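Okay, so here's the structure we're looking at.
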Amino acid sequence: MDILVVGGGGREHAVIKSLKASRRSGKLYALPGNGGIARDAECVPVKATDIAGIVQFARTHKVDFAVVTPDDPLVLGCVDALEEAGIPCFGPNKAAAIIEGSKVFSKELMKKYGIPTAASETFSSADAALAYLKTARYPTVVKADGLALGKGAVIVQNYAEAEKAIGDIMVNKVFGASGDRVLIEEFLTGPEVSVLTFTDGKTVVPMVSSMDHKRAGDGDEGLNTGGMGTIAPNPYYTKEIADECMRTIFLPTVAAMNAEGRPFKGCLYFGLMLTPDGPKVIEYNCRFGDPETQVVLPLLKSDLLEIMLAVRGGTLTPDMVRFSDGAACCVVLASEGYPQKYETGFEITLPQTERGEEIYVAGAKLSGDNLVTAGGRVLGAVATADTLEDAVARAYALAGRIRFQNAYMRRDIGRRALKALGRG
Ligand code: AMP
Ligand code: GLY
């Protein structure tokens, strides 16, 4: 089967490498892909948000299947447009993608169906939000309703910080129309867990759990980023907690979407916080997480394409999704200065990888035959091993063999997880 993958980050590189290993995969296209993905798929310069361009390409190249992974095209209805053109897709349609596209929608869904989440209030005017914030308990969390490049949640410690957040989001519209409404949410505490699941709208099959490291600096200090590294499985996510999440969160969410006439098919991502009162939903994503996918897919033993076809066809069963018992670690190499100002255009030297090592490229492009840096997060160095210690050590050893000027990485990916295992 010839397959088109929409997107061009490290997550898409991981998806493409897994698809490439499938027995039934034929030609692979990435729209737009990137300079590193170009080794594994034909990259076509069509933007992930150019829905008409994507449909046209899929038609003229007669692709058999499309995988849409980034949030924007999903929320814009890319799957609807491709399916209308007769191209079967992996990914939710627009009606279902709203579970990520609108935090007001997802919060109301959780309230209506009794799915555990932080208490919150919704506001559509800055004045009303500020009046509420005058008497709120701090810290509290201000969230823009719509998509905001993962930067739409601000934890504020006092009224002055809250006033700035509301000014940015609702008045200065730093995230555009995504800030027309805000949620003001109870501040929760506890370890965070990412759980990606496959669902065909009936059956929900969780993948191995993972832990993101969102802050730029060691010790979880500094600014929020798109993710500086991940490990899997997440040691806080015990079998007991997994069973509870299936019962109180995963199955009720899939049922709620069906009840709302918005059946969800694709990868449904649960961002969870394990609070003293039990697991609660921090956020839903309508897609694979980045960089969670970079540690989850290397542990997948089953054929990704077969799973995706079953999700599309409504024939998913739990036995189709098998993971190895090992662990994985992804260390992101970023451009120094990310997530703020950074320079790009530096040549990247990639080493040979051994079995159990992967390099998933995100912000890089080809300049002639050379791969050069072109973004904040440049690539992920990924390793799998029998134990988390070994996966972390191997990922850092691999990262150390990758060279480019101005490279920056956190030095403590996996440390918190190893501590939780009593091995830190
Ligand atoms: P989000 O964009 O909703 O994923 O939020 C980004 C990050 O902000 C999360 O990964 C959490 O670390 C933090 N966060 C979001 N909501 C809350 C909350 N209600 N309480 C505490 N931390 C939160
Ligand atoms: N790693 C979090 C996300 O993909 O949104």
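Residues are named by chain letter and number: chains run A, B, ... in the order of the structure tokens, numbers start at 1 in each chain, and ligands are numbered from 1 in the order shown.
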List all protein, DNA and RNA residues that have at least one atom no more than 7 Å from any atom of ligand 2, counting only C-alpha atoms and all ligand atoms, and write them as a list in words.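 With only C-alpha atoms and all ligand atoms and a cut-off of 7 Å, ligand 2 is contacted by Gly150, Asp212, Gly226, Gly227, Asn285, Phe288, Gly289, Asp290, Pro291 and Glu292 of chain A.
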Export of prior selection with N, CA and C atoms as a compact mmCIF listing (two decimals), in the first residue's frame:
```txt
# COMPACT_ATOMS: atom_id res chain seq x y z
N GLY A 150 0.85 24.15 22.11
CA GLY A 150 1.23 23.56 23.40
C GLY A 150 1.60 24.58 24.46
N ASP A 212 6.76 12.67 29.77
CA ASP A 212 7.37 13.77 29.01
C ASP A 212 8.22 14.61 29.97
N GLY A 226 8.11 22.21 23.73
CA GLY A 226 7.33 21.14 23.10
C GLY A 226 7.70 19.77 23.64
N GLY A 227 8.67 19.70 24.55
CA GLY A 227 9.10 18.41 25.12
C GLY A 227 10.57 18.20 24.85
N ASN A 285 -5.39 14.90 23.76
CA ASN A 285 -4.92 15.24 22.42
C ASN A 285 -5.56 14.27 21.44
N PHE A 288 -1.13 11.35 18.18
CA PHE A 288 0.08 10.88 18.87
C PHE A 288 0.78 12.07 19.51
N GLY A 289 1.36 11.87 20.68
CA GLY A 289 2.12 12.93 21.34
C GLY A 289 3.53 13.03 20.77
N ASP A 290 4.09 14.19 20.89
CA ASP A 290 5.47 14.43 20.45
C ASP A 290 6.19 15.06 21.64
N PRO A 291 7.21 14.47 22.23
CA PRO A 291 7.99 13.30 21.80
C PRO A 291 7.62 11.95 22.44
N GLU A 292 6.38 11.75 22.88
CA GLU A 292 6.01 10.44 23.44
C GLU A 292 6.10 9.32 22.39
```
Within 10 Å of ligand 1, counting only C-alpha atoms and all ligand atoms: which residues, as a PyMOL selection string? chain A and resi 100+103+117-120+139-145+147-155+183-194+212-215+224-227+270-273+275+280-285
Rounded to one decimal in Å, what is the spacing between CA of Ala38 (chain A) and CA of Leu299 (chain A)?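 Separation of CA of Ala38 (chain A) and CA of Leu299 (chain A): 23.1 Å.
Using only C-alpha atoms, the residues found no farther than 6 Å from region 333-346 of chain A, other than those of its own chain fewer than 2 positions away, are A:Thr225, A:Val372, A:Thr373, A:Ala374, A:Gly376, A:Arg377, A:Val378, A:Leu379, A:Gln405, A:Asn406, A:Ala407, A:Tyr408, A:Met409.
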Which one is closest to Val254 (chain A): A:Tyr138, A:Tyr237, A:Tyr113, A:Phe123? Count only C-alpha atoms. A:Tyr113
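Here CA of Ile51 (chain A) and CA of Gly7 (chain A) stand 11.8 Å from one another.
Shortest atom-to-atom contact with Ala395 (chain A) among A:Ile37, A:Leu309, A:Val295, A:Leu76: A:Val295, counting only C-alpha atoms.
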Long-range neighbours of Leu366 (chain A) as a ChimeraX atom specification, 8 Å cut-off, only C-alpha atoms, 2 positions minimum in chain: /A:34-36,364,368-372
Let's have the selection written as a PDB file, in the first residue's frame, with N, CA and C atoms.
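Result file is selection08.pdb:
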```pdb
ATOM      1  N   ASN A  34      10.730  16.277   6.459  1.00  0.00           N
ATOM      2  CA  ASN A  34      11.884  17.154   6.735  1.00  0.00           C
ATOM      3  C   ASN A  34      13.145  16.482   6.196  1.00  0.00           C
ATOM      4  N   GLY A  35      14.262  17.157   6.377  1.00  0.00           N
ATOM      5  CA  GLY A  35      15.512  16.668   5.791  1.00  0.00           C
ATOM      6  C   GLY A  35      15.940  15.295   6.280  1.00  0.00           C
ATOM      7  N   GLY A  36      15.544  14.941   7.507  1.00  0.00           N
ATOM      8  CA  GLY A  36      15.893  13.622   8.042  1.00  0.00           C
ATOM      9  C   GLY A  36      14.913  12.559   7.572  1.00  0.00           C
ATOM     10  N   ALA A 364      15.167  19.960  10.952  1.00  0.00           N
ATOM     11  CA  ALA A 364      16.375  19.945  10.113  1.00  0.00           C
ATOM     12  C   ALA A 364      15.963  19.891   8.655  1.00  0.00           C
ATOM     13  N   GLY A 368      21.804  20.998  -0.053  1.00  0.00           N
ATOM     14  CA  GLY A 368      22.581  20.096  -0.904  1.00  0.00           C
ATOM     15  C   GLY A 368      22.449  18.691  -0.331  1.00  0.00           C
ATOM     16  N   ASP A 369      23.583  18.046  -0.070  1.00  0.00           N
ATOM     17  CA  ASP A 369      23.516  16.700   0.521  1.00  0.00           C
ATOM     18  C   ASP A 369      23.611  16.742   2.037  1.00  0.00           C
ATOM     19  N   ASN A 370      23.814  17.935   2.596  1.00  0.00           N
ATOM     20  CA  ASN A 370      24.034  18.048   4.039  1.00  0.00           C
ATOM     21  C   ASN A 370      22.745  18.312   4.798  1.00  0.00           C
ATOM     22  N   LEU A 371      22.664  17.677   5.966  1.00  0.00           N
ATOM     23  CA  LEU A 371      21.541  17.944   6.861  1.00  0.00           C
ATOM     24  C   LEU A 371      21.944  19.129   7.738  1.00  0.00           C
ATOM     25  N   VAL A 372      21.104  20.159   7.788  1.00  0.00           N
ATOM     26  CA  VAL A 372      21.430  21.325   8.628  1.00  0.00           C
ATOM     27  C   VAL A 372      20.265  21.632   9.568  1.00  0.00           C
TER      28      VAL A 372
END
```
Per DSSP on the backbone, filter region 168-351 of chain A down to the residues in strand (DSSP E or B) and report them as a count of residues only. 61
Those of region 34-191 of chain A in DSSP helix (DSSP H, G or I), formatted as a VMD selection string: chain A and resid 37 to 39 51 to 60 71 to 76 78 to 84 94 to 101 103 to 113 126 to 134 159 to 171 176 to 179
Export C-alpha atoms of the chosen residues as a PDB file, in the first residue's frame?
```
ATOM      1  CA  ILE A  37      12.602  12.010   7.055  1.00  0.00           C
ATOM      2  CA  ALA A  38      13.809  12.263   3.449  1.00  0.00           C
ATOM      3  CA  ARG A  39      15.960   9.170   4.104  1.00  0.00           C
ATOM      4  CA  ILE A  51      -5.822  20.589   3.064  1.00  0.00           C
ATOM      5  CA  ALA A  52      -6.640  21.120  -0.629  1.00  0.00           C
ATOM      6  CA  GLY A  53      -3.012  20.521  -1.564  1.00  0.00           C
ATOM      7  CA  ILE A  54      -2.892  17.315   0.496  1.00  0.00           C
ATOM      8  CA  VAL A  55      -6.083  15.974  -1.099  1.00  0.00           C
ATOM      9  CA  GLN A  56      -4.845  16.824  -4.565  1.00  0.00           C
ATOM     10  CA  PHE A  57      -1.525  15.066  -3.973  1.00  0.00           C
ATOM     11  CA  ALA A  58      -3.249  11.978  -2.541  1.00  0.00           C
ATOM     12  CA  ARG A  59      -5.532  11.806  -5.571  1.00  0.00           C
ATOM     13  CA  THR A  60      -2.927  12.288  -8.259  1.00  0.00           C
ATOM     14  CA  ASP A  71      -3.257  18.746  15.593  1.00  0.00           C
ATOM     15  CA  ASP A  72      -3.926  21.607  13.145  1.00  0.00           C
ATOM     16  CA  PRO A  73      -4.858  19.569  10.052  1.00  0.00           C
ATOM     17  CA  LEU A  74      -6.984  17.240  12.190  1.00  0.00           C
ATOM     18  CA  VAL A  75      -8.863  20.150  13.758  1.00  0.00           C
ATOM     19  CA  LEU A  76      -9.225  21.754  10.297  1.00  0.00           C
ATOM     20  CA  CYS A  78      -8.078  17.057   6.862  1.00  0.00           C
ATOM     21  CA  VAL A  79      -9.419  13.541   7.479  1.00  0.00           C
ATOM     22  CA  ASP A  80     -12.921  14.547   6.376  1.00  0.00           C
ATOM     23  CA  ALA A  81     -11.549  16.018   3.139  1.00  0.00           C
ATOM     24  CA  LEU A  82      -9.375  12.971   2.360  1.00  0.00           C
ATOM     25  CA  GLU A  83     -12.146  10.489   3.146  1.00  0.00           C
ATOM     26  CA  GLU A  84     -14.568  12.462   0.951  1.00  0.00           C
ATOM     27  CA  LYS A  94     -13.150  17.234  12.521  1.00  0.00           C
ATOM     28  CA  ALA A  95     -16.149  16.540  14.757  1.00  0.00           C
ATOM     29  CA  ALA A  96     -14.029  14.269  16.970  1.00  0.00           C
ATOM     30  CA  ALA A  97     -10.795  16.308  16.828  1.00  0.00           C
ATOM     31  CA  ILE A  98     -12.597  19.037  18.790  1.00  0.00           C
ATOM     32  CA  ILE A  99     -11.669  17.027  21.897  1.00  0.00           C
ATOM     33  CA  GLU A 100      -8.256  18.698  21.505  1.00  0.00           C
ATOM     34  CA  GLY A 101      -9.329  21.724  19.446  1.00  0.00           C
ATOM     35  CA  LYS A 103     -10.569  22.878  25.884  1.00  0.00           C
ATOM     36  CA  VAL A 104     -14.016  24.314  26.709  1.00  0.00           C
ATOM     37  CA  PHE A 105     -15.595  21.445  24.762  1.00  0.00           C
ATOM     38  CA  SER A 106     -13.472  18.784  26.455  1.00  0.00           C
ATOM     39  CA  LYS A 107     -14.032  20.247  29.917  1.00  0.00           C
ATOM     40  CA  GLU A 108     -17.807  20.285  29.373  1.00  0.00           C
ATOM     41  CA  LEU A 109     -17.636  16.706  28.086  1.00  0.00           C
ATOM     42  CA  MET A 110     -15.795  15.573  31.206  1.00  0.00           C
ATOM     43  CA  LYS A 111     -18.218  17.408  33.507  1.00  0.00           C
ATOM     44  CA  LYS A 112     -21.274  16.007  31.706  1.00  0.00           C
ATOM     45  CA  TYR A 113     -20.050  12.401  31.786  1.00  0.00           C
ATOM     46  CA  ALA A 126     -11.435  39.452  30.031  1.00  0.00           C
ATOM     47  CA  ASP A 127     -13.387  41.537  32.578  1.00  0.00           C
ATOM     48  CA  ALA A 128     -15.356  38.573  33.866  1.00  0.00           C
ATOM     49  CA  ALA A 129     -12.209  36.429  34.031  1.00  0.00           C
ATOM     50  CA  LEU A 130     -10.349  39.141  35.971  1.00  0.00           C
ATOM     51  CA  ALA A 131     -13.238  39.650  38.405  1.00  0.00           C
ATOM     52  CA  TYR A 132     -13.130  35.905  39.148  1.00  0.00           C
ATOM     53  CA  LEU A 133      -9.338  35.898  39.462  1.00  0.00           C
ATOM     54  CA  LYS A 134      -9.493  38.642  42.127  1.00  0.00           C
ATOM     55  CA  TYR A 159      -3.315  38.080  40.640  1.00  0.00           C
ATOM     56  CA  ALA A 160      -0.591  40.074  38.883  1.00  0.00           C
ATOM     57  CA  GLU A 161       0.540  37.004  36.942  1.00  0.00           C
ATOM     58  CA  ALA A 162      -3.056  36.078  36.193  1.00  0.00           C
ATOM     59  CA  GLU A 163      -3.726  39.591  34.879  1.00  0.00           C
ATOM     60  CA  LYS A 164      -0.734  39.278  32.531  1.00  0.00           C
ATOM     61  CA  ALA A 165      -1.896  35.864  31.292  1.00  0.00           C
ATOM     62  CA  ILE A 166      -5.409  37.150  30.603  1.00  0.00           C
ATOM     63  CA  GLY A 167      -3.933  40.232  28.879  1.00  0.00           C
ATOM     64  CA  ASP A 168      -1.767  38.080  26.628  1.00  0.00           C
ATOM     65  CA  ILE A 169      -4.418  35.499  25.785  1.00  0.00           C
ATOM     66  CA  MET A 170      -7.680  37.483  25.685  1.00  0.00           C
ATOM     67  CA  VAL A 171      -6.632  41.062  24.949  1.00  0.00           C
ATOM     68  CA  GLY A 176      -5.334  34.491  17.971  1.00  0.00           C
ATOM     69  CA  ALA A 177      -8.953  33.326  18.176  1.00  0.00           C
ATOM     70  CA  SER A 178      -7.837  30.445  20.427  1.00  0.00           C
ATOM     71  CA  GLY A 179      -7.969  33.045  23.206  1.00  0.00           C
TER      72      GLY A 179
END
```
Distance query Gly314 (chain A) at most 8 Å, only C-alpha atoms, self and fewer than 4 positions along chain excluded, as a PyMOL selection string: chain A and resi 200-202+310
Find the spatial neighbours of region 19-33 of chain A, counting only C-alpha atoms, within a cut-off of 8 Å - ignore same-chain residues fewer than 3 positions away - and output them as a PyMOL selection string. chain A and resi 1-9+12-13+15-16+37-38+40-48+54+303-306
